[in-house]
Amino acid sequence: MARRVNGNLPEEVTSFVGRRAELATAKRLLPTTRVLTLLGPGGMGKTRLSRQIGHLVSRAFPDGVWLVELADVLDPGLVTLSVAEALDLRDESTAPLPRLTEFLADKRLLLILDNCEHLIEACATLVGRIIATTPDVRVLATSREVLGIPGEQVMPVPPLTVSDTPGEEGDALQLFVERASAANPGFEATAANRAVLAEICRRLEGMPLALELAALRLRMFTPEQILDRLDDTMGLLSAGPRTAPQRQQTIEGAIRWSYNLCTAAEQTLWEQLSVFAGGFDIDAAEAVCELAPGALIEALTGLVDKSVVMLRFDGDVARYSMLEPIRQFAADRLAERGTAQQVRARHREHYRQLAMRGQTAYWTGEDVDWFRELSREHANLRAALRSGLEDDPLRTMATVTVLRPFWEHNRFLSEGYRWLTDSLSRNPERTAERAKALSSAASLAALLGDQESAARLVAECMELAATLDDDDILAEVALDRSLLAFASDRERSLELGRSAIALAAEHGQRAIEMDSHAFSFMAAMVLEAPGRTELAERFLELTDHSGSHLLGGLALWTVGIDHWRRGELEAAAEFHGRAIEQLALFERCIWLSSAFEGLAWTVSAGGDHERAARLLGAAESLQRSTIRLAHTITVAVGEKERLKVREALGEDAFRTAFGAGASLPLSEAIDYALGHTAAPEPEPVAAPPALKRAARTTTATLSETNMLTRRQKDVARLVAAGHSNKRIAADLVISVRTAETHVEHILTKLGLTSRTQLAAWAHEHDL
C-alpha cells in the first residue's frame with residue numbers, strides 16, 4: 001500500500017479554536033473549485049485557518065499538502081522559486097516556471113500560498129499558470145486582496161463569534177480564556193469575571209490577533225483594567241483613515257494598544273526591528289538598532305515579555321521574530337518617524353559584512369559557520385539585497401558576487417543568477433565590480449546549462465577586463481570558459497581548467513585555484529586523461545593547508561575516486577568516508593550524494609555488493625548535484641557500476657538492498673556509511689507484475705513507440721498498470737524523483753497531459 005505524502009505542513013504548537021462553520025465551508029468548496037482564497041485583513045487568523053483546513057482535507061490529496069510562506073518574500077520574481085523550494089524541487093533551471101508546471105502536471109496536491117497581498121500580481125500570474133497547466137492541483141491562498149483570476153472562489157474570513165446571550169460561550173471568549181490561561185497560569189475564568197471577559201471580546205469584535213494580544217496583557221493587568229484601557233484604544237480607531245475597512249482599523253488599533261503599553265525605548269526598538277525578515281539574533285539587533293547605551297537589552301526583554309517579539313532557538317542560537325501584522329505595523333511607524341532609510345542602510349551593511357566574510361570563509365576552516373549563518377539569514381539577505389538594489393546598487397552587486405559559493409553549493413543557482421543579472425542591469429558602468437559580477441553570472445549560467453547566456457556573459461567580461469587591464473580576473477574567466485567549453489569540447493575544457501589553476505596560483509587566488517582543481521579533475525575523469533592523480537592530490541594538499549571543510553570534502557572525494565580507479569580500495573574507502581564526514585557538516589551540500597556513490601563503487605569493487613546496493617540507494621534518495629560536470633561523471637561511471645552490483649546480487653536481492661538504503665533518513669544513512677551502525681533489516685520489495693499486452697492493432701505502433709527510450713517504455717508500461725511513481729521507483733530500482741522525471745518527459749514527448757491519457761496510449765500501442 002502506497003504511503004500518503006504529507007507535504008510540508010507543520011503541526012501547530014497551540015490549539016485551534018472555533019471556526020467550525022469556516023472549516024465546513026472550505027471542505028465543501030475545495031472539491032468544486034481550483035482556487036480558494038481566504039480573504040480578510042491582517043490578524044484575522046487566515047494563516048491558522050489555512051493550515052487547519054490543510055490538515056482536515058489532507059487525505060484527499062495523495063501527493064500532499066504543501067505550505068508556501070510568502071511573508072518574507074519581497075521580490076515578486078522569487079515567488080515561483082519559493083514555491084519550487086517548498087516542494088523540494090532541485091534548483092536546475094534559469095526558467096523555473098516551466099520546470100514547476102512540468103513537475104505539477106500529474107500531481108494531486110493542495111498548495112497553500114500564505115500572505116499573498118504584497119505579491120498579488122506575481123501570485124495571480126503563477127496560480128493562473130498552474131491552474132491552466134495542471135488538472136489536479138488545487139490552490140488555497142490567504143490574502144488581504146483577491147487574486148482576481150478566473151474561477152477563483154473567495155471565502156471571507158470573519159471575526160470569531162461573540163455571543164450576546166448570557167451564559168453562552170462564543171468562539172472569541174473560548175480563545176481569549178484559553179490564551180489567557182496559557183499566558184498567566186494564575187488566571188481563571190469565573191462567574192464573577194465572565195461578563196467582563198465577554199465585554200472585552202465584544203469590544204475587540206472577535207478578532208483573533210486582538211484577543212491574543214489582550215490575553216497576554218493579563219500577565220500584568222486585571223480584566224477590568226484591560227477593559228478600561230480599551231476606551232483609549234477605541235479613540236485611536238476613530239482617527240484612522242476613513243477609506244480603510246473598519247476591521248483593518250480595528251486590528252491596527254489592537255496592535256497600537258499593545259504599542260502604547262510599551263516604554264519609549266521599547267517602541268523605538270520595535271519599529272527598528274521591523275526591517276528584519278525571517279527573524280534575527282542579538283548581534284544583528286545590536287548592529288542595526290540604535291538605542292541609548294545599555295538600553296537595547298532591556299527594551300528587547302520588555303518586548304519579549306509583552307509577546308511582541310517571540311523567542312525561539314535554532315540549535316543553541318537564540319533568535320527573535322515578530323508576527324507579520326505586528327512587524328508591518330512597526331514598519332509603518334518607522335516610516336512615519338522618517339528614519340526607515342537609515343535603519344535599512346544599517347541592516348543592509350550588517351548582512352553585507354556577513355556576505356563579505358565569504359572572501360576568506362569559503363575556502364578556509366570558517367566555511368561551516370559561514371554557510372550555516374547564511375542559510376539561517378537567507379530571508380534577511382534577500383531583504384538586504386532588495387533594498388540595496390534600490391539604494392546602493394554598486395555595493396550590492398559586489399555583495400551578490402561574493403555570495404557565488406552560497407548560490408552554487410547550496411542549490412540556489414537560479415536565485416543567485418537572478419540577483420546577479422538584476423545587479424548587472426542596475427550597474428551598466430564599466431567597472432571592475434561589473435567584470436567580477438559578469439564572471440560570477442557566467443559561472444552560474446554555465447552550471448545551469450544555459451550555454452547561450454554563459455557565452456554572452458563571458459565574452460562581455462573578457463572584453464571589459466581587457467579594457468580595464470584587469471589581470472586579477474583572468475583566472476576566474478579561464479574557469480568560466482572551462483565550464484562553458486565542457487558541453488562541446490571537453491579536451492579544451494580541461495586545457496582551460498589547467499590554465500585557470502596556473503593563473504590562480506600566480507595571483508594567489510586560493511578559492512579559484514581550488515575550484516579549478518575540482519573542475520579539472522572531473523573533466524580529466526570523464527576524458528580518462530593523464531594527470532588525474534596529480535590534480536586530486538594537489539587539490540587535497542591545498543584544502544588541508546587552508547582547513548576548508550566543503551572544498552576539503554570535495555578534495556577527499558576526488559582522491560577517493562582516484563584510488564578507486566587505481567584499485568587501491570582500502571585507501572579509497574578511507575577517503576570517501578572522510579569526505580562524507582566533512583560534507584555532512586553542510587545542510588544542503590550538493591556533493592554528499594556523490595560521496596555516497598564513490599563509497600558504493602569502492603565497496604562493490606571489494607566484493608561487498610549488498611552494502612554497495614544500500615549505499616547506492618542512500619545516494620539516490622539524496623538530492624543530486626545540479627552541477628552538470630558532477631552529474632556527467634556519476635551517470636557515465638555510476639550506471640556501469642550499478643549494473644555490476646545488480647548482476648552480482650540478482651534482481652530481487654539488489655532491489656531489496658537498494659530500497660533499504662533509499663529508505664534511511666539522512667542521519668542514519670551517514671552513520672551506516674561511516675560504519676557506526678549496522679544495516680537495518682530490509683523489507684522485501686515485490687517484483688513487478690507481468691503485464692498483459694493487447695493485440696497489435698496498427699502498423700504505426702513501432703515508429704510511434706520509438707519516440708521513447710527503452711527505460712521510458714518500461715515506465716509507460718507500469719503507468720498503464722496503474723502503478724504510482726513510488727511503486728515504479730521500487731520496481732525499476734530508481735529514485736521516486738527519477739520516476740517522476742521519466743513520466744514528465746514521456747508526457748511531453750507524446751503531447752499528453754495526464755497519466756490516464758498515457759495509460760490509454762500505452763494500451764493502444766501494445767506496450
# chains A, B, ... in the order shown; residues from 1 in each chain; ligands from 1
$ closest_atom_pairs --of "segment 121-201 of chain A" --to "segment 85-102 of chain A" --cutoff "12 Å" --atoms "only C-alpha atoms" --output "CSV"
residue,atom,partner,partner_atom,distance
A:Ala122,CA,A:Leu97,CA,11.8
A:Thr125,CA,A:Leu97,CA,10.7
A:Leu126,CA,A:Leu97,CA,8.1
A:Val127,CA,A:Thr101,CA,10.3
A:Gly128,CA,A:Thr101,CA,11.1
A:Arg129,CA,A:Thr101,CA,7.8
A:Ile130,CA,A:Thr101,CA,6.1
A:Ile131,CA,A:Thr101,CA,9.3
A:Ala132,CA,A:Thr101,CA,9.4
A:Thr133,CA,A:Thr101,CA,6.6
A:Thr134,CA,A:Thr101,CA,7.2
A:Pro135,CA,A:Thr101,CA,10.9
A:Asp136,CA,A:Thr101,CA,11.8
A:Val137,CA,A:Thr101,CA,10.2
$ write_last_selection --atoms "N, CA, C and O atoms" --output "PDB file, in the first residue's frame"
ATOM      1  N   ALA A 122       2.176  38.818  -8.920  1.00  0.00           N
ATOM      2  CA  ALA A 122       3.021  37.646  -9.164  1.00  0.00           C
ATOM      3  C   ALA A 122       2.298  36.364  -8.764  1.00  0.00           C
ATOM      4  O   ALA A 122       2.368  35.347  -9.471  1.00  0.00           O
ATOM      5  N   THR A 125      -0.479  35.605 -11.332  1.00  0.00           N
ATOM      6  CA  THR A 125       0.086  35.071 -12.578  1.00  0.00           C
ATOM      7  C   THR A 125       0.503  33.616 -12.409  1.00  0.00           C
ATOM      8  O   THR A 125       0.218  32.761 -13.256  1.00  0.00           O
ATOM      9  N   LEU A 126       1.185  33.331 -11.311  1.00  0.00           N
ATOM     10  CA  LEU A 126       1.652  31.960 -11.081  1.00  0.00           C
ATOM     11  C   LEU A 126       0.479  31.003 -10.908  1.00  0.00           C
ATOM     12  O   LEU A 126       0.456  29.920 -11.508  1.00  0.00           O
ATOM     13  N   VAL A 127      -0.500  31.376 -10.082  1.00  0.00           N
ATOM     14  CA  VAL A 127      -1.647  30.495  -9.854  1.00  0.00           C
ATOM     15  C   VAL A 127      -2.406  30.271 -11.156  1.00  0.00           C
ATOM     16  O   VAL A 127      -2.828  29.143 -11.455  1.00  0.00           O
ATOM     17  N   GLY A 128      -2.575  31.320 -11.940  1.00  0.00           N
ATOM     18  CA  GLY A 128      -3.251  31.165 -13.223  1.00  0.00           C
ATOM     19  C   GLY A 128      -2.546  30.176 -14.126  1.00  0.00           C
ATOM     20  O   GLY A 128      -3.184  29.354 -14.802  1.00  0.00           O
ATOM     21  N   ARG A 129      -1.213  30.243 -14.121  1.00  0.00           N
ATOM     22  CA  ARG A 129      -0.436  29.312 -14.958  1.00  0.00           C
ATOM     23  C   ARG A 129      -0.550  27.875 -14.437  1.00  0.00           C
ATOM     24  O   ARG A 129      -0.693  26.924 -15.217  1.00  0.00           O
ATOM     25  N   ILE A 130      -0.489  27.711 -13.119  1.00  0.00           N
ATOM     26  CA  ILE A 130      -0.604  26.370 -12.543  1.00  0.00           C
ATOM     27  C   ILE A 130      -1.964  25.760 -12.870  1.00  0.00           C
ATOM     28  O   ILE A 130      -2.065  24.590 -13.267  1.00  0.00           O
ATOM     29  N   ILE A 131      -3.018  26.541 -12.713  1.00  0.00           N
ATOM     30  CA  ILE A 131      -4.363  26.027 -12.955  1.00  0.00           C
ATOM     31  C   ILE A 131      -4.547  25.673 -14.431  1.00  0.00           C
ATOM     32  O   ILE A 131      -5.208  24.693 -14.775  1.00  0.00           O
ATOM     33  N   ALA A 132      -3.917  26.458 -15.310  1.00  0.00           N
ATOM     34  CA  ALA A 132      -4.080  26.217 -16.742  1.00  0.00           C
ATOM     35  C   ALA A 132      -3.307  24.999 -17.223  1.00  0.00           C
ATOM     36  O   ALA A 132      -3.648  24.410 -18.256  1.00  0.00           O
ATOM     37  N   THR A 133      -2.276  24.598 -16.504  1.00  0.00           N
ATOM     38  CA  THR A 133      -1.383  23.536 -16.999  1.00  0.00           C
ATOM     39  C   THR A 133      -1.434  22.254 -16.182  1.00  0.00           C
ATOM     40  O   THR A 133      -0.728  21.300 -16.509  1.00  0.00           O
ATOM     41  N   THR A 134      -2.237  22.224 -15.127  1.00  0.00           N
ATOM     42  CA  THR A 134      -2.321  21.011 -14.309  1.00  0.00           C
ATOM     43  C   THR A 134      -3.784  20.674 -14.074  1.00  0.00           C
ATOM     44  O   THR A 134      -4.596  21.569 -13.815  1.00  0.00           O
ATOM     45  N   PRO A 135      -4.136  19.397 -14.122  1.00  0.00           N
ATOM     46  CA  PRO A 135      -5.552  19.048 -13.944  1.00  0.00           C
ATOM     47  C   PRO A 135      -5.989  18.859 -12.501  1.00  0.00           C
ATOM     48  O   PRO A 135      -7.168  19.014 -12.201  1.00  0.00           O
ATOM     49  N   ASP A 136      -5.074  18.517 -11.600  1.00  0.00           N
ATOM     50  CA  ASP A 136      -5.493  18.086 -10.267  1.00  0.00           C
ATOM     51  C   ASP A 136      -4.821  18.824  -9.124  1.00  0.00           C
ATOM     52  O   ASP A 136      -4.885  18.374  -7.987  1.00  0.00           O
ATOM     53  N   VAL A 137      -4.166  19.945  -9.403  1.00  0.00           N
ATOM     54  CA  VAL A 137      -3.592  20.756  -8.333  1.00  0.00           C
ATOM     55  C   VAL A 137      -4.616  21.791  -7.902  1.00  0.00           C
ATOM     56  O   VAL A 137      -5.230  22.454  -8.750  1.00  0.00           O
TER      57      VAL A 137
END
$ residues_around --residues "Glu390 of chain A" --least-positions-apart "5" --cutoff "10 Å" --atoms "only C-alpha atoms" --output "VMD selection string"
chain A and resid 385 396 426
$ closest_residue --among "A:Leu39, A:Ala454, A:Asp314, A:Phe103" --to "Thr421 of chain A" --atoms "only C-alpha atoms"
A:Ala454
$ select_by_dssp --residues "segment 91-274 of chain A" --states "strand (DSSP E or B)" --output "JSON, numbers by chain"
{"A": [110, 111, 112, 113, 114, 138, 139, 140, 141, 142, 143, 152, 153, 154, 155, 156]}
$ write_last_selection --atoms "all heavy atoms" --output "CSV table (one decimal), in the first residue's frame"
chain,number,residue,atom,x,y,z
A,110,LEU,N,-2.5,19.9,-2.7
A,110,LEU,CA,-3.0,21.2,-2.3
A,110,LEU,C,-1.9,22.1,-2.0
A,110,LEU,O,-1.0,21.7,-1.2
A,110,LEU,CB,-3.9,21.0,-1.1
A,110,LEU,CG,-4.5,22.4,-0.5
A,110,LEU,CD1,-5.4,23.0,-1.5
A,110,LEU,CD2,-5.2,22.1,0.8
A,111,LEU,N,-1.8,23.2,-2.7
A,111,LEU,CA,-0.8,24.2,-2.5
A,111,LEU,C,-1.3,25.4,-1.7
A,111,LEU,O,-2.3,26.0,-2.1
A,111,LEU,CB,-0.3,24.7,-3.8
A,111,LEU,CG,1.1,25.4,-3.9
A,111,LEU,CD1,2.2,24.5,-3.4
A,111,LEU,CD2,1.3,25.8,-5.4
A,112,ILE,N,-0.8,25.6,-0.5
A,112,ILE,CA,-1.3,26.7,0.3
A,112,ILE,C,-0.3,27.9,0.2
A,112,ILE,O,0.9,27.8,0.5
A,112,ILE,CB,-1.4,26.4,1.8
A,112,ILE,CG1,-2.3,25.2,2.0
A,112,ILE,CG2,-1.8,27.6,2.7
A,112,ILE,CD1,-2.4,24.7,3.5
A,113,LEU,N,-0.7,29.0,-0.4
A,113,LEU,CA,0.1,30.2,-0.6
A,113,LEU,C,-0.3,31.2,0.5
A,113,LEU,O,-1.4,31.8,0.4
A,113,LEU,CB,-0.1,30.8,-2.0
A,113,LEU,CG,0.2,29.9,-3.2
A,113,LEU,CD1,0.1,30.7,-4.5
A,113,LEU,CD2,1.7,29.4,-3.0
A,114,ASP,N,0.5,31.4,1.5
A,114,ASP,CA,0.2,32.2,2.7
A,114,ASP,C,0.8,33.6,2.6
A,114,ASP,O,1.9,33.8,2.3
A,114,ASP,CB,0.7,31.5,3.9
A,114,ASP,CG,0.1,32.1,5.2
A,114,ASP,OD1,-1.0,32.7,5.1
A,114,ASP,OD2,0.8,32.1,6.2
A,138,ARG,N,-4.8,21.9,-6.6
A,138,ARG,CA,-5.7,23.0,-6.1
A,138,ARG,C,-4.8,23.9,-5.2
A,138,ARG,O,-3.8,23.6,-4.6
A,138,ARG,CB,-6.8,22.4,-5.2
A,138,ARG,CG,-7.9,21.8,-6.1
A,138,ARG,CD,-9.0,21.1,-5.3
A,138,ARG,NE,-10.2,20.9,-6.1
A,138,ARG,CZ,-10.3,20.0,-7.1
A,138,ARG,NH1,-9.3,19.3,-7.4
A,138,ARG,NH2,-11.5,19.9,-7.7
A,139,VAL,N,-5.3,25.2,-5.2
A,139,VAL,CA,-4.6,26.2,-4.5
A,139,VAL,C,-5.5,26.8,-3.5
A,139,VAL,O,-6.6,27.2,-3.7
A,139,VAL,CB,-4.1,27.4,-5.5
A,139,VAL,CG1,-3.4,28.5,-4.7
A,139,VAL,CG2,-3.1,26.8,-6.5
A,140,LEU,N,-4.9,26.9,-2.2
A,140,LEU,CA,-5.6,27.6,-1.1
A,140,LEU,C,-4.8,28.8,-0.8
A,140,LEU,O,-3.6,28.7,-0.3
A,140,LEU,CB,-5.8,26.7,0.1
A,140,LEU,CG,-6.4,27.3,1.3
A,140,LEU,CD1,-7.8,27.8,1.1
A,140,LEU,CD2,-6.4,26.3,2.5
A,141,ALA,N,-5.3,30.0,-1.1
A,141,ALA,CA,-4.5,31.3,-0.8
A,141,ALA,C,-5.0,32.0,0.3
A,141,ALA,O,-6.2,32.0,0.6
A,141,ALA,CB,-4.5,32.1,-2.1
A,142,THR,N,-4.1,32.7,1.1
A,142,THR,CA,-4.6,33.7,2.1
A,142,THR,C,-4.1,35.0,1.7
A,142,THR,O,-2.9,35.2,1.3
A,142,THR,CB,-4.0,33.3,3.5
A,142,THR,OG1,-2.7,33.7,3.6
A,142,THR,CG2,-4.2,31.9,3.8
A,143,SER,N,-5.0,36.0,1.7
A,143,SER,CA,-4.6,37.3,1.2
A,143,SER,C,-5.6,38.4,1.8
A,143,SER,O,-6.7,38.1,2.2
A,143,SER,CB,-4.7,37.3,-0.3
A,143,SER,OG,-4.3,38.6,-0.9
A,152,GLU,N,-11.7,31.8,-9.5
A,152,GLU,CA,-11.3,32.0,-8.1
A,152,GLU,C,-12.6,32.0,-7.2
A,152,GLU,O,-13.5,32.7,-7.5
A,152,GLU,CB,-10.5,33.2,-7.9
A,152,GLU,CG,-10.1,33.5,-6.4
A,152,GLU,CD,-9.5,34.9,-6.3
A,152,GLU,OE1,-9.6,35.7,-7.2
A,152,GLU,OE2,-8.8,35.1,-5.2
A,153,GLN,N,-12.6,31.2,-6.2
A,153,GLN,CA,-13.7,31.2,-5.2
A,153,GLN,C,-13.1,32.0,-3.9
A,153,GLN,O,-12.1,31.6,-3.3
A,153,GLN,CB,-14.1,29.8,-4.8
A,153,GLN,CG,-15.1,29.7,-3.6
A,153,GLN,CD,-16.5,30.2,-4.0
A,153,GLN,OE1,-17.0,29.8,-5.0
A,153,GLN,NE2,-17.0,31.2,-3.3
A,154,VAL,N,-13.8,33.1,-3.6
A,154,VAL,CA,-13.4,33.9,-2.4
A,154,VAL,C,-14.2,33.5,-1.2
A,154,VAL,O,-15.4,33.4,-1.3
A,154,VAL,CB,-13.5,35.4,-2.7
A,154,VAL,CG1,-13.2,36.2,-1.5
A,154,VAL,CG2,-12.7,35.8,-3.9
A,155,MET,N,-13.5,33.3,-0.1
A,155,MET,CA,-14.2,32.9,1.2
A,155,MET,C,-13.7,33.9,2.2
A,155,MET,O,-12.6,33.8,2.8
A,155,MET,CB,-13.8,31.5,1.6
A,155,MET,CG,-14.4,31.0,2.9
A,155,MET,SD,-13.9,29.3,3.3
A,155,MET,CE,-13.8,29.5,5.1
A,156,PRO,N,-14.5,34.9,2.5
A,156,PRO,CA,-14.2,35.9,3.6
A,156,PRO,C,-14.0,35.2,4.9
A,156,PRO,O,-14.7,34.3,5.3
A,156,PRO,CB,-15.4,36.9,3.6
A,156,PRO,CG,-16.0,36.7,2.2
A,156,PRO,CD,-15.8,35.2,1.9
$ atom_distance --atom1 "atom CA of Leu664 of chain A" --atom2 "atom CA of Arg614 of chain A"
9.3 Å
$ atom_distance --atom1 "atom CA of Ser440 of chain A" --atom2 "atom CA of Ser499 of chain A"
17.9 Å
$ residues_around --residues "Thr360 of chain A" --least-positions-apart "6" --cutoff "12 Å" --atoms "only C-alpha atoms" --output "CSV table (one decimal) with C-alpha atoms, in the first residue's frame"
chain,number,residue,atom,x,y,z
A,354,LEU,CA,28.2,38.6,6.6
A,366,GLU,CA,35.4,29.2,8.7
A,367,ASP,CA,33.2,27.8,5.9
A,370,TRP,CA,29.6,30.9,7.2
A,402,VAL,CA,30.8,37.3,-3.2
A,403,LEU,CA,27.9,35.1,-2.4
A,405,PRO,CA,29.6,29.9,-3.4
A,509,GLN,CA,43.7,33.3,-5.6
A,510,ARG,CA,43.2,30.2,-3.4
A,511,ALA,CA,39.5,29.8,-3.8
A,512,ILE,CA,39.7,29.9,-7.7
A,546,SER,CA,43.5,26.1,4.2
A,547,GLY,CA,41.4,24.0,6.6
A,548,SER,CA,38.4,24.1,4.3
$ residues_around --residues "Asn427 of chain A" --least-positions-apart "6" --cutoff "9 Å" --atoms "only C-alpha atoms" --output "PyMOL selection string"
chain A and resi 393-394+397+434
